[in-house]
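File shown: protein-v9.txt. Contents: compact mmCIF, C-alpha atoms.
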```txt
# COMPACT_ATOMS: atom_id res chain seq x y z
CA MET A 1338 61.26 -59.92 -24.47
CA LYS A 1339 57.83 -59.54 -22.85
CA LYS A 1340 56.38 -58.37 -26.17
CA THR A 1341 57.83 -61.41 -27.97
CA LEU A 1342 56.43 -63.78 -25.34
CA LEU A 1343 52.99 -62.22 -25.66
CA ILE A 1344 53.01 -62.72 -29.45
CA VAL A 1345 53.97 -66.38 -29.02
CA ILE A 1346 51.16 -66.99 -26.50
CA VAL A 1347 48.56 -65.33 -28.75
CA THR A 1348 49.79 -67.31 -31.77
CA ILE A 1349 49.51 -70.62 -29.86
CA PHE A 1350 46.02 -69.75 -28.64
CA MET A 1351 44.82 -68.89 -32.15
CA SER A 1352 46.37 -72.08 -33.53
CA CYS A 1353 44.62 -74.24 -30.90
CA SER A 1354 41.35 -72.44 -31.48
CA GLY A 1355 41.63 -72.99 -35.22
CA SER A 1356 42.41 -76.68 -34.70
CA LYS A 1357 39.35 -77.05 -32.49
CA LYS A 1358 37.12 -75.48 -35.12
CA SER A 1359 38.62 -77.76 -37.76
CA ALA A 1360 37.99 -80.82 -35.59
CA GLU A 1361 34.43 -79.67 -34.95
CA GLY A 1362 33.98 -79.26 -38.68
CA GLU A 1363 35.13 -82.81 -39.30
CA GLN A 1364 32.91 -84.08 -36.50
CA GLY A 1365 29.98 -82.27 -38.09
CA LYS A 1366 30.27 -84.61 -41.05
CA GLU A 1367 28.78 -87.31 -38.85
CA ASP A 1368 25.58 -85.42 -38.08
CA SER A 1369 22.34 -85.33 -40.04
CA ASN A 1370 23.43 -82.28 -42.04
CA TYR A 1371 26.23 -84.24 -43.73
CA MET A 1372 25.31 -85.23 -47.27
CA PRO A 1373 27.80 -87.74 -48.73
CA ASP A 1374 28.95 -87.20 -52.30
CA ILE A 1375 28.00 -89.77 -54.92
CA THR A 1376 30.66 -89.34 -57.57
CA GLN A 1377 31.39 -90.70 -61.01
CA GLN A 1378 34.79 -91.86 -59.79
CA ASP A 1379 33.40 -93.96 -56.91
CA ILE A 1380 30.87 -95.55 -59.25
CA LYS A 1381 33.56 -96.28 -61.83
CA VAL A 1382 35.85 -97.93 -59.28
CA SER A 1383 33.10 -100.34 -58.23
CA MET A 1384 32.09 -100.98 -61.83
CA GLU A 1385 35.60 -101.71 -63.04
CA TYR A 1386 35.90 -104.44 -60.42
CA LEU A 1387 32.43 -105.99 -60.59
CA ALA A 1388 32.52 -106.08 -64.41
CA SER A 1389 36.16 -107.14 -64.68
CA ASP A 1390 37.36 -110.30 -66.40
CA GLU A 1391 38.65 -111.47 -63.02
CA LEU A 1392 35.06 -112.14 -61.94
CA GLU A 1393 34.40 -114.24 -65.07
CA GLY A 1394 30.85 -113.02 -65.65
CA ARG A 1395 29.59 -113.59 -62.08
CA ALA A 1396 27.53 -116.72 -62.74
CA THR A 1397 25.85 -118.02 -59.58
CA GLY A 1398 27.89 -120.71 -57.85
CA THR A 1399 31.24 -119.72 -59.39
CA ALA A 1400 34.46 -118.38 -57.92
CA GLY A 1401 33.82 -115.12 -59.77
CA ILE A 1402 30.54 -114.33 -58.05
CA GLU A 1403 32.12 -115.25 -54.70
CA LYS A 1404 34.66 -112.46 -55.31
CA ALA A 1405 31.79 -110.10 -56.09
CA ALA A 1406 30.03 -111.10 -52.87
CA VAL A 1407 33.13 -110.38 -50.79
CA PHE A 1408 33.59 -107.02 -52.52
CA ILE A 1409 29.98 -106.03 -51.73
CA GLU A 1410 30.25 -107.23 -48.12
CA ASN A 1411 33.42 -105.19 -47.61
CA TYR A 1412 31.75 -102.15 -49.16
CA LEU A 1413 28.75 -102.40 -46.84
CA LYS A 1414 30.95 -102.87 -43.77
CA LYS A 1415 33.24 -99.96 -44.72
CA ASN A 1416 30.26 -97.65 -45.08
CA GLY A 1417 28.56 -98.53 -41.80
CA ILE A 1418 25.76 -100.70 -43.22
CA LYS A 1419 25.12 -103.53 -40.79
CA PRO A 1420 24.20 -107.13 -41.69
CA TYR A 1421 20.46 -107.73 -41.47
CA PHE A 1422 20.93 -111.38 -40.55
CA GLU A 1423 23.76 -112.79 -38.44
CA THR A 1424 26.05 -112.17 -41.41
CA TYR A 1425 25.53 -110.31 -44.68
CA ARG A 1426 24.72 -113.57 -46.47
CA ASP A 1427 21.32 -115.08 -47.13
CA THR A 1428 22.20 -118.57 -48.33
CA PHE A 1429 20.11 -120.75 -50.63
CA ASN A 1430 20.61 -123.97 -52.55
CA LEU A 1431 19.80 -124.75 -56.17
CA GLY A 1432 20.60 -128.44 -56.46
CA ASP A 1433 24.37 -128.60 -56.15
CA ILE A 1434 24.76 -124.83 -56.49
CA ILE A 1435 25.01 -122.64 -53.39
CA GLY A 1436 23.92 -119.03 -53.86
CA TYR A 1437 24.20 -115.98 -51.66
CA ASN A 1438 22.11 -112.85 -51.48
CA ILE A 1439 23.90 -110.01 -49.69
CA VAL A 1440 21.67 -108.13 -47.25
CA GLY A 1441 22.50 -105.02 -45.24
CA MET A 1442 20.35 -102.76 -43.09
CA ILE A 1443 20.21 -99.07 -42.16
CA GLU A 1444 17.95 -98.61 -39.17
CA GLY A 1445 15.43 -95.77 -39.36
CA ASN A 1446 15.60 -92.87 -36.95
CA ASP A 1447 11.87 -92.65 -36.12
CA PRO A 1448 10.71 -94.72 -33.10
CA LYS A 1449 7.62 -96.00 -34.94
CA LEU A 1450 8.42 -95.77 -38.64
CA LYS A 1451 11.71 -97.66 -38.22
CA ASN A 1452 9.66 -100.85 -37.91
CA GLU A 1453 8.67 -100.47 -41.57
CA PHE A 1454 11.22 -101.39 -44.26
CA ILE A 1455 12.03 -99.90 -47.64
CA ILE A 1456 13.74 -102.62 -49.68
CA LEU A 1457 16.22 -101.45 -52.33
CA GLY A 1458 17.94 -103.96 -54.55
CA GLY A 1459 19.65 -105.14 -57.70
CA HIS A 1460 21.09 -108.45 -58.89
CA TYR A 1461 24.84 -108.90 -58.82
CA ASP A 1462 24.96 -112.14 -60.78
CA HIS A 1463 25.24 -112.43 -64.55
CA ILE A 1464 25.38 -115.23 -67.12
CA GLY A 1465 29.09 -116.07 -66.88
CA VAL A 1466 30.09 -116.73 -70.48
CA GLY A 1467 28.51 -115.77 -73.78
CA LYS A 1468 29.10 -116.24 -77.48
CA GLU A 1469 32.81 -115.77 -78.14
CA ILE A 1470 33.70 -112.64 -80.11
CA ASN A 1471 37.29 -111.79 -81.02
CA GLY A 1472 38.56 -114.28 -78.48
CA ASP A 1473 36.41 -112.91 -75.64
CA SER A 1474 33.80 -115.18 -74.05
CA ILE A 1475 33.30 -113.46 -70.66
CA ALA A 1476 29.91 -111.76 -70.36
CA ASN A 1477 30.96 -109.11 -67.85
CA GLY A 1478 27.46 -107.79 -67.07
CA ALA A 1479 28.33 -104.13 -66.55
CA ASN A 1480 24.91 -102.76 -67.40
CA ASP A 1481 23.21 -106.03 -66.45
CA ASP A 1482 23.26 -105.58 -63.54
CA ALA A 1483 26.45 -104.32 -61.97
CA SER A 1484 24.95 -100.88 -62.65
CA GLY A 1485 21.84 -101.55 -60.54
CA THR A 1486 23.92 -103.27 -57.87
CA ILE A 1487 26.15 -100.21 -57.59
CA ALA A 1488 23.13 -97.90 -57.42
CA ALA A 1489 21.74 -99.86 -54.46
CA MET A 1490 25.18 -99.84 -52.79
CA GLU A 1491 25.52 -96.07 -53.27
CA PHE A 1492 22.04 -95.45 -51.85
CA GLY A 1493 23.03 -97.56 -48.87
CA LYS A 1494 26.20 -95.53 -48.35
CA TYR A 1495 24.29 -92.27 -48.57
CA PHE A 1496 21.62 -93.14 -46.02
CA ALA A 1497 24.05 -94.85 -43.65
CA LYS A 1498 26.19 -91.71 -43.58
CA SER A 1499 23.47 -89.05 -43.64
CA LYS A 1500 21.13 -90.84 -41.19
CA THR A 1501 18.13 -89.10 -42.77
CA ASN A 1502 15.80 -92.12 -43.14
CA LYS A 1503 12.87 -92.44 -40.73
CA ARG A 1504 11.94 -95.87 -42.05
CA SER A 1505 14.53 -98.64 -42.03
CA VAL A 1506 16.23 -99.50 -45.29
CA LEU A 1507 17.26 -102.93 -46.52
CA ILE A 1508 20.01 -103.04 -49.17
CA THR A 1509 19.59 -106.33 -51.02
CA LEU A 1510 21.86 -107.69 -53.75
CA TYR A 1511 20.69 -110.90 -55.39
CA ALA A 1512 22.28 -113.92 -56.93
CA ALA A 1513 20.51 -116.28 -59.37
CA GLU A 1514 18.38 -113.63 -61.06
CA GLU A 1515 19.59 -114.87 -64.41
CA ILE A 1516 18.29 -118.37 -63.73
CA GLY A 1517 14.75 -117.38 -62.77
CA LEU A 1518 14.74 -114.82 -59.91
CA LYS A 1519 15.78 -117.58 -57.52
CA GLY A 1520 17.76 -115.39 -55.12
CA SER A 1521 15.14 -112.69 -54.69
CA GLY A 1522 12.46 -115.36 -54.50
CA HIS A 1523 14.26 -117.03 -51.61
CA LEU A 1524 14.80 -113.77 -49.73
CA ALA A 1525 11.22 -112.58 -50.21
CA GLU A 1526 9.89 -115.87 -48.85
CA ARG A 1527 12.27 -115.76 -45.89
CA LEU A 1528 11.43 -112.18 -44.93
CA LYS A 1529 7.71 -112.89 -45.25
CA ALA A 1530 8.01 -115.99 -43.04
CA GLU A 1531 9.91 -113.95 -40.44
CA GLY A 1532 7.14 -111.36 -40.35
CA MET A 1533 8.93 -108.37 -41.85
CA ASN A 1534 6.80 -105.25 -42.14
CA ALA A 1535 7.75 -104.36 -45.73
CA TYR A 1536 6.58 -100.94 -46.90
CA THR A 1537 7.75 -101.13 -50.50
CA MET A 1538 10.43 -102.58 -52.76
CA ILE A 1539 12.35 -100.85 -55.57
CA ASN A 1540 14.72 -102.81 -57.77
CA PHE A 1541 17.33 -101.12 -59.95
CA GLU A 1542 17.82 -102.93 -63.23
CA MET A 1543 20.29 -101.76 -65.88
CA ILE A 1544 20.80 -98.05 -65.20
CA GLY A 1545 24.24 -97.75 -66.86
CA VAL A 1546 23.24 -96.00 -70.09
CA PRO A 1547 21.05 -92.94 -70.77
CA ARG A 1548 17.83 -92.85 -72.76
CA ALA A 1549 17.14 -90.44 -75.62
CA ALA A 1550 17.04 -86.79 -74.59
CA ASP A 1551 13.32 -86.42 -75.37
CA LEU A 1552 12.36 -89.31 -73.05
CA SER A 1553 12.12 -89.55 -69.27
CA MET A 1554 15.46 -90.29 -67.64
CA ALA A 1555 14.19 -93.66 -66.35
CA TYR A 1556 11.04 -95.73 -66.46
CA MET A 1557 9.27 -98.01 -64.01
CA SER A 1558 7.91 -101.48 -64.67
CA GLY A 1559 4.31 -102.03 -63.62
CA TYR A 1560 3.69 -98.31 -64.06
CA GLY A 1561 -0.08 -98.57 -63.71
CA ARG A 1562 -0.02 -100.82 -60.63
CA SER A 1563 0.65 -97.97 -58.18
CA ASN A 1564 1.12 -94.21 -57.98
CA PHE A 1565 4.81 -94.64 -57.30
CA ALA A 1566 6.17 -92.88 -60.39
CA LYS A 1567 4.10 -89.79 -59.64
CA THR A 1568 5.06 -89.91 -55.96
CA LEU A 1569 8.78 -90.36 -56.59
CA ASN A 1570 8.78 -87.52 -59.11
CA LYS A 1571 7.02 -85.26 -56.62
CA TYR A 1572 9.72 -85.87 -54.03
CA ALA A 1573 12.48 -85.57 -56.65
CA GLY A 1574 11.12 -82.22 -57.78
CA GLU A 1575 11.26 -83.28 -61.43
CA ASP A 1576 10.07 -86.06 -63.73
CA VAL A 1577 12.80 -88.65 -63.32
CA VAL A 1578 10.66 -91.81 -63.65
CA GLY A 1579 8.33 -92.16 -66.61
CA PHE A 1580 6.28 -94.67 -68.58
CA PHE A 1581 7.75 -97.13 -71.08
CA PRO A 1582 5.04 -98.30 -73.53
CA LYS A 1583 6.76 -101.61 -74.31
CA ALA A 1584 7.23 -102.61 -70.64
CA LYS A 1585 3.98 -104.55 -70.62
CA GLU A 1586 4.68 -106.13 -74.01
CA PHE A 1587 8.06 -107.34 -72.74
CA ASN A 1588 6.49 -108.45 -69.41
CA LEU A 1589 9.18 -106.51 -67.51
CA PHE A 1590 7.22 -106.35 -64.25
CA MET A 1591 7.48 -110.11 -63.82
CA ARG A 1592 11.03 -110.47 -65.16
CA SER A 1593 12.98 -108.69 -62.46
CA ASP A 1594 13.65 -109.04 -58.73
CA ASN A 1595 10.79 -106.79 -57.69
CA PHE A 1596 8.27 -109.46 -58.63
CA PRO A 1597 8.86 -111.99 -55.80
CA PHE A 1598 8.30 -109.20 -53.26
CA PHE A 1599 5.06 -108.22 -54.94
CA LYS A 1600 3.92 -111.84 -54.79
CA GLU A 1601 4.91 -112.41 -51.16
CA PHE A 1602 3.96 -109.08 -49.58
CA ASN A 1603 1.37 -107.64 -51.97
CA ILE A 1604 3.04 -104.24 -51.71
CA PRO A 1605 4.12 -101.75 -54.38
CA ALA A 1606 7.23 -103.37 -55.86
CA HIS A 1607 8.75 -102.06 -59.07
CA ALA A 1608 11.91 -102.15 -61.16
CA ILE A 1609 13.39 -98.87 -62.36
CA SER A 1610 15.60 -98.90 -65.45
CA THR A 1611 17.20 -96.61 -68.01
CA PHE A 1612 17.77 -99.40 -70.56
CA ASP A 1613 14.90 -99.48 -73.06
CA PHE A 1614 16.20 -102.00 -75.65
CA THR A 1615 17.09 -99.19 -78.09
CA ASN A 1616 20.01 -97.53 -76.27
CA PHE A 1617 22.42 -100.43 -75.66
CA ASP A 1618 23.37 -103.20 -78.08
CA TYR A 1619 25.08 -105.56 -75.65
CA TYR A 1620 22.36 -107.24 -73.58
CA HIS A 1621 23.69 -110.69 -72.51
CA HIS A 1622 26.71 -109.99 -74.69
CA VAL A 1623 30.45 -110.23 -74.07
CA ASP A 1624 30.78 -106.50 -74.81
CA ASP A 1625 28.64 -105.47 -71.84
CA GLU A 1626 31.79 -103.95 -70.36
CA ALA A 1627 32.70 -101.23 -67.87
CA ASP A 1628 34.03 -98.96 -70.61
CA LYS A 1629 30.60 -98.91 -72.25
CA MET A 1630 28.94 -97.34 -69.19
CA ASP A 1631 28.06 -93.64 -68.95
CA TYR A 1632 29.29 -92.64 -65.50
CA GLU A 1633 28.04 -89.07 -65.72
CA HIS A 1634 24.56 -90.44 -66.39
CA MET A 1635 24.81 -92.98 -63.57
CA ALA A 1636 25.88 -90.39 -61.02
CA SER A 1637 23.15 -88.01 -62.17
CA PHE A 1638 20.47 -90.69 -61.92
CA ILE A 1639 21.54 -91.84 -58.45
CA ASN A 1640 21.73 -88.28 -57.13
CA LYS A 1641 18.31 -87.40 -58.58
CA MET A 1642 16.79 -90.49 -56.98
CA ILE A 1643 18.04 -89.67 -53.48
CA PRO A 1644 15.40 -87.02 -52.63
CA ALA A 1645 12.77 -89.22 -54.27
CA LEU A 1646 13.67 -92.18 -52.05
CA GLN A 1647 14.13 -89.99 -49.00
CA GLY A 1648 10.66 -88.53 -49.40
CA MET A 1649 9.19 -92.02 -49.52
CA MET A 1650 11.21 -93.14 -46.51
CA ASN A 1651 10.04 -90.23 -44.41
CA SER A 1652 6.45 -89.61 -45.51
```

Have the structure of the file written as structure tokens, please.
Amino acid sequence: MKKTLLIVIVTIFMSCSGSKKSAEGEQGKEDSNYMPDITQQDIKVSMEYLASDELEGRATGTAGIEKAAVFIENYLKKNGIKPYFETYRDTFNLGDIIGYNIVGMIEGNDPKLKNEFIILGGHYDHIGVGKEINGDSIANGANDDASGTIAAMEFGKYFAKSKTNKRSVLITLYAAEEIGLKGSGHLAERLKAEGMNAYTMINFEMIGVPRAADLSMAYMSGYGRSNFAKTLNKYAGEDVVGFFPKAKEFNLFMRSDNFPFFKEFNIPAHAISTFDFTNFDYYHHVDDEADKMDYEHMASFINKMIPALQGMMNS
């Protein structure tokens, strides 16, 4: 009887000890050593909603883009990314149209550097409808630019969970890009007027499809305007961001949401893309759909960019 009692006591002790270690292991996920996974499946779930027919092409001022805004707000809240303003919304008016940028913040962990901001963004609007093909007129905007929107959201999730950024990070998703960079223009002006200490801005524009194997994984607009490509590649430990010869010919530096921040703050502000006009046939097309995206490529790109961005945030 005594022997049986002793075995029971030892078993209970070992069980409690094991439970404690398990709990400590779970708690450890909240510390700075925890590196969240960025998976193809998570990216696909977001893409299949943002580029769904339900959102009707996400034109600014429509019910469809309002659903996208709510989805992004819920994502930021769920992943511990706080609103930068009183709410996540930065509201602007375009005549009778009301637009919303969605803005979240991850505070830096360095007492001094946290006063400087790294701005990461992408535009979540698209053109709404396009030329009807086989009865389909919804221009879903998967590559343009649900892909860049999701990249910015995933970066936000990573840094909010890992808490590895010394500088503060602003996650910015823009409306009204498709009608002349109106959303990013409004936000850049507002942040400048409020005295934000902006360190740099990187915009992610159409990263849903891979380039040819003999080319750099991505390219940066305004390549010669700063040393950013070289710096990002150094932190990444490989050449992720390269030069696209036709970027200047196509005036890409001034055609994406990086440009208003360059104008307002006179800081390095670039767009990074993997779409080079040869690798995707559905620009502003009703077949720019979720099933055309390469999720393995997207996850690889986002994961490769994390150490690059982290190096910049902490240098």

**OP:** Could you jot down the CA of Gly1648 (chain A) to CA of Lys1571 (chain A) separation for me, Å, one decimal place?
**Re:** 8.7 Å

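The shortest atom-to-atom distance to Gly1445 (chain A), with all atoms listed in the file taken into account, belongs to A:Thr1501 out of A:Ser1652, A:Ser1389, A:Thr1501, A:Thr1424.
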
**OP:** Have a look at CA of Met1442 (chain A) and CA of Met1635 (chain A) and let me know their distance in Å, one decimal.
**Re:** 23.1 Å

Subject >> Best match for closeness to Met1543 (chain A) among A:Tyr1421, A:Tyr1412, A:Tyr1556, A:Tyr1386, counting all atoms listed in the file >> reply: A:Tyr1556

Near Phe1496 (chain A), within 10 Å and counting all atoms listed in the file, which residues show up once chain neighbours fewer than 2 positions away are dropped, as a PDB file with C-alpha atoms, in the coordinates of the input?
```pdb
ATOM      1  CA  SER A1369      22.340 -85.330 -40.040  1.00  0.00           C
ATOM      2  CA  MET A1372      25.310 -85.230 -47.270  1.00  0.00           C
ATOM      3  CA  PRO A1373      27.800 -87.740 -48.730  1.00  0.00           C
ATOM      4  CA  ASN A1416      30.260 -97.650 -45.080  1.00  0.00           C
ATOM      5  CA  GLY A1417      28.560 -98.530 -41.800  1.00  0.00           C
ATOM      6  CA  ILE A1418      25.760-100.700 -43.220  1.00  0.00           C
ATOM      7  CA  ILE A1443      20.210 -99.070 -42.160  1.00  0.00           C
ATOM      8  CA  GLU A1444      17.950 -98.610 -39.170  1.00  0.00           C
ATOM      9  CA  GLY A1445      15.430 -95.770 -39.360  1.00  0.00           C
ATOM     10  CA  GLU A1491      25.520 -96.070 -53.270  1.00  0.00           C
ATOM     11  CA  PHE A1492      22.040 -95.450 -51.850  1.00  0.00           C
ATOM     12  CA  GLY A1493      23.030 -97.560 -48.870  1.00  0.00           C
ATOM     13  CA  LYS A1494      26.200 -95.530 -48.350  1.00  0.00           C
ATOM     14  CA  LYS A1498      26.190 -91.710 -43.580  1.00  0.00           C
ATOM     15  CA  SER A1499      23.470 -89.050 -43.640  1.00  0.00           C
ATOM     16  CA  LYS A1500      21.130 -90.840 -41.190  1.00  0.00           C
ATOM     17  CA  THR A1501      18.130 -89.100 -42.770  1.00  0.00           C
ATOM     18  CA  ASN A1502      15.800 -92.120 -43.140  1.00  0.00           C
ATOM     19  CA  SER A1505      14.530 -98.640 -42.030  1.00  0.00           C
ATOM     20  CA  VAL A1506      16.230 -99.500 -45.290  1.00  0.00           C
ATOM     21  CA  ILE A1643      18.040 -89.670 -53.480  1.00  0.00           C
ATOM     22  CA  GLN A1647      14.130 -89.990 -49.000  1.00  0.00           C
TER      23      GLN A1647
END
```

Original post:
Can you tell me how far CA of Glu1393 (chain A) sits from CA of Ile1487 (chain A), in Å to one decimal?
Top reply: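 Atom-to-atom, CA of Glu1393 (chain A) to CA of Ile1487 (chain A), that is 17.9 Å.
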
Near region 1512-1533 of chain A, 6 Å: region 1586-1626 of chain A residue rows, closest pairs, all atoms listed in the file, as CSV:
```
residue,atom,partner,partner_atom,distance
A:Asp1594,CA,A:Ser1521,CA,5.6
A:Pro1597,CA,A:Gly1522,CA,5.1
A:Phe1598,CA,A:Ala1525,CA,5.4
```

Residues within 6 Å of (19.6, -100.6, -55.4), file coordinates, counting all atoms listed in the file: what are they? Give the list as a tab-separated table (two decimals) with C-alpha atoms, in the frame of the given file.
```tsv
chain	number	residue	atom	x	y	z
A	1457	LEU	CA	16.22	-101.45	-52.33
A	1458	GLY	CA	17.94	-103.96	-54.55
A	1459	GLY	CA	19.65	-105.14	-57.70
A	1485	GLY	CA	21.84	-101.55	-60.54
A	1486	THR	CA	23.92	-103.27	-57.87
A	1488	ALA	CA	23.13	-97.90	-57.42
A	1489	ALA	CA	21.74	-99.86	-54.46
A	1540	ASN	CA	14.72	-102.81	-57.77
A	1541	PHE	CA	17.33	-101.12	-59.95
```

Subject >> Within 9 Å of Ala1405 (chain A) using only C-alpha atoms, minus same-chain residues under 3 positions, as a list in words >> reply: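 Non-adjacent residues within range: Tyr1386, Leu1387, Leu1392, Arg1395, Ala1400, Gly1401, Ile1402, Phe1408, Ile1409, Glu1410, Tyr1461 and Asp1462 of chain A.
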
**OP:** Dig up all the protein and nucleic acid residues within 8 Å of (22.3, -109.9, -70.3) in the file frame, using all atoms listed in the file, and format them as a PyMOL selection string.
**Re:** chain A and resi 1463-1464+1476+1478+1481+1619-1622+1625

Original post:
Residues at most 6 Å from region 1432-1440 of chain A, counting all atoms listed in the file, excluding those fewer than 5 positions away in the same chain, as a list in words?
Top reply: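 My reading of the contact set: Gly1398, Tyr1421, Tyr1425, Arg1426, Asp1427, Ile1508, Thr1509, Leu1510, Tyr1511 and Ala1512 of chain A.
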
**OP:** Identify which of the residues A:Ser1553, A:Asn1595, A:Thr1397, A:Asn1534 lies closest to Asp1576 (chain A), counting all atoms listed in the file when measuring atom-to-atom distances.
**Re:**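 The shortest atom-to-atom distance to Asp1576 (chain A) comes from A:Ser1553.
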
**OP:** Find, counting only C-alpha atoms, the residue in A:Ile1456, A:Met1649, A:Val1546, A:Val1623 that gets nearest to Ile1470 (chain A).
**Re:**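 Looking only at the distances to Ile1470 (chain A), the closest residue turns out to be A:Val1623.
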
**OP:** For each of A:Asn1640, A:Ile1475, A:Asp1628, A:Met1650, take the minimum atom-to-atom distance to Thr1568 (chain A), counting all atoms listed in the file, then give the residue where this is smallest.
**Re:** A:Met1650

**OP:** Identify which of the residues A:Leu1589, A:Ile1455, A:Ala1388, A:Leu1646 lies closest to Gly1574 (chain A), counting only C-alpha atoms when measuring atom-to-atom distances.
**Re:**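 Checking each of A:Leu1589, A:Ile1455, A:Ala1388, A:Leu1646 against Gly1574 (chain A), counting only C-alpha atoms, the winner is A:Leu1646.
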
Since the input has fewer atoms than a full residue there, write region 1612-1626 of chain A out with N, CA, C and O atoms, as a PDB file, in the frame of the given file.
```pdb
ATOM      1  N   PHE A1612      17.541 -98.614 -69.348  1.00  0.00           N
ATOM      2  CA  PHE A1612      17.770 -99.400 -70.560  1.00  0.00           C
ATOM      3  C   PHE A1612      16.425 -99.725 -71.192  1.00  0.00           C
ATOM      4  O   PHE A1612      15.580-100.366 -70.556  1.00  0.00           O
ATOM      5  N   ASP A1613      16.209 -99.283 -72.431  1.00  0.00           N
ATOM      6  CA  ASP A1613      14.900 -99.480 -73.060  1.00  0.00           C
ATOM      7  C   ASP A1613      14.974-100.288 -74.363  1.00  0.00           C
ATOM      8  O   ASP A1613      14.097-100.173 -75.216  1.00  0.00           O
ATOM      9  N   PHE A1614      16.032-101.091 -74.510  1.00  0.00           N
ATOM     10  CA  PHE A1614      16.200-102.000 -75.650  1.00  0.00           C
ATOM     11  C   PHE A1614      16.524-101.276 -76.955  1.00  0.00           C
ATOM     12  O   PHE A1614      16.640-101.909 -78.002  1.00  0.00           O
ATOM     13  N   THR A1615      16.674 -99.952 -76.905  1.00  0.00           N
ATOM     14  CA  THR A1615      17.090 -99.190 -78.090  1.00  0.00           C
ATOM     15  C   THR A1615      18.416 -98.477 -77.858  1.00  0.00           C
ATOM     16  O   THR A1615      19.042 -98.012 -78.810  1.00  0.00           O
ATOM     17  N   ASN A1616      18.863 -98.391 -76.610  1.00  0.00           N
ATOM     18  CA  ASN A1616      20.010 -97.530 -76.270  1.00  0.00           C
ATOM     19  C   ASN A1616      21.262 -98.303 -75.836  1.00  0.00           C
ATOM     20  O   ASN A1616      22.205 -97.713 -75.334  1.00  0.00           O
ATOM     21  N   PHE A1617      21.246 -99.625 -76.016  1.00  0.00           N
ATOM     22  CA  PHE A1617      22.420-100.430 -75.660  1.00  0.00           C
ATOM     23  C   PHE A1617      22.348-101.738 -76.417  1.00  0.00           C
ATOM     24  O   PHE A1617      21.348-102.458 -76.329  1.00  0.00           O
ATOM     25  N   ASP A1618      23.392-102.051 -77.167  1.00  0.00           N
ATOM     26  CA  ASP A1618      23.370-103.200 -78.080  1.00  0.00           C
ATOM     27  C   ASP A1618      23.941-104.482 -77.477  1.00  0.00           C
ATOM     28  O   ASP A1618      24.059-105.481 -78.191  1.00  0.00           O
ATOM     29  N   TYR A1619      24.272-104.475 -76.190  1.00  0.00           N
ATOM     30  CA  TYR A1619      25.080-105.560 -75.650  1.00  0.00           C
ATOM     31  C   TYR A1619      24.399-106.301 -74.498  1.00  0.00           C
ATOM     32  O   TYR A1619      25.054-106.740 -73.559  1.00  0.00           O
ATOM     33  N   TYR A1620      23.089-106.469 -74.580  1.00  0.00           N
ATOM     34  CA  TYR A1620      22.360-107.240 -73.580  1.00  0.00           C
ATOM     35  C   TYR A1620      22.768-108.711 -73.671  1.00  0.00           C
ATOM     36  O   TYR A1620      22.703-109.315 -74.744  1.00  0.00           O
ATOM     37  N   HIS A1621      23.208-109.292 -72.557  1.00  0.00           N
ATOM     38  CA  HIS A1621      23.690-110.690 -72.510  1.00  0.00           C
ATOM     39  C   HIS A1621      24.755-110.928 -73.580  1.00  0.00           C
ATOM     40  O   HIS A1621      24.736-111.942 -74.290  1.00  0.00           O
ATOM     41  N   HIS A1622      25.701-110.023 -73.640  1.00  0.00           N
ATOM     42  CA  HIS A1622      26.710-109.990 -74.690  1.00  0.00           C
ATOM     43  C   HIS A1622      28.077-109.821 -74.031  1.00  0.00           C
ATOM     44  O   HIS A1622      28.197-109.201 -72.974  1.00  0.00           O
ATOM     45  N   VAL A1623      29.113-110.336 -74.662  1.00  0.00           N
ATOM     46  CA  VAL A1623      30.450-110.230 -74.070  1.00  0.00           C
ATOM     47  C   VAL A1623      30.983-108.799 -74.056  1.00  0.00           C
ATOM     48  O   VAL A1623      31.961-108.504 -73.355  1.00  0.00           O
ATOM     49  N   ASP A1624      30.356-107.905 -74.795  1.00  0.00           N
ATOM     50  CA  ASP A1624      30.780-106.500 -74.810  1.00  0.00           C
ATOM     51  C   ASP A1624      30.010-105.622 -73.829  1.00  0.00           C
ATOM     52  O   ASP A1624      30.098-104.395 -73.903  1.00  0.00           O
ATOM     53  N   ASP A1625      29.267-106.242 -72.919  1.00  0.00           N
ATOM     54  CA  ASP A1625      28.640-105.470 -71.840  1.00  0.00           C
ATOM     55  C   ASP A1625      29.722-105.184 -70.791  1.00  0.00           C
ATOM     56  O   ASP A1625      29.801-105.818 -69.748  1.00  0.00           O
ATOM     57  N   GLU A1626      30.565-104.214 -71.109  1.00  0.00           N
ATOM     58  CA  GLU A1626      31.790-103.950 -70.360  1.00  0.00           C
ATOM     59  C   GLU A1626      31.750-102.607 -69.635  1.00  0.00           C
ATOM     60  O   GLU A1626      30.965-101.720 -69.982  1.00  0.00           O
TER      61      GLU A1626
END
```
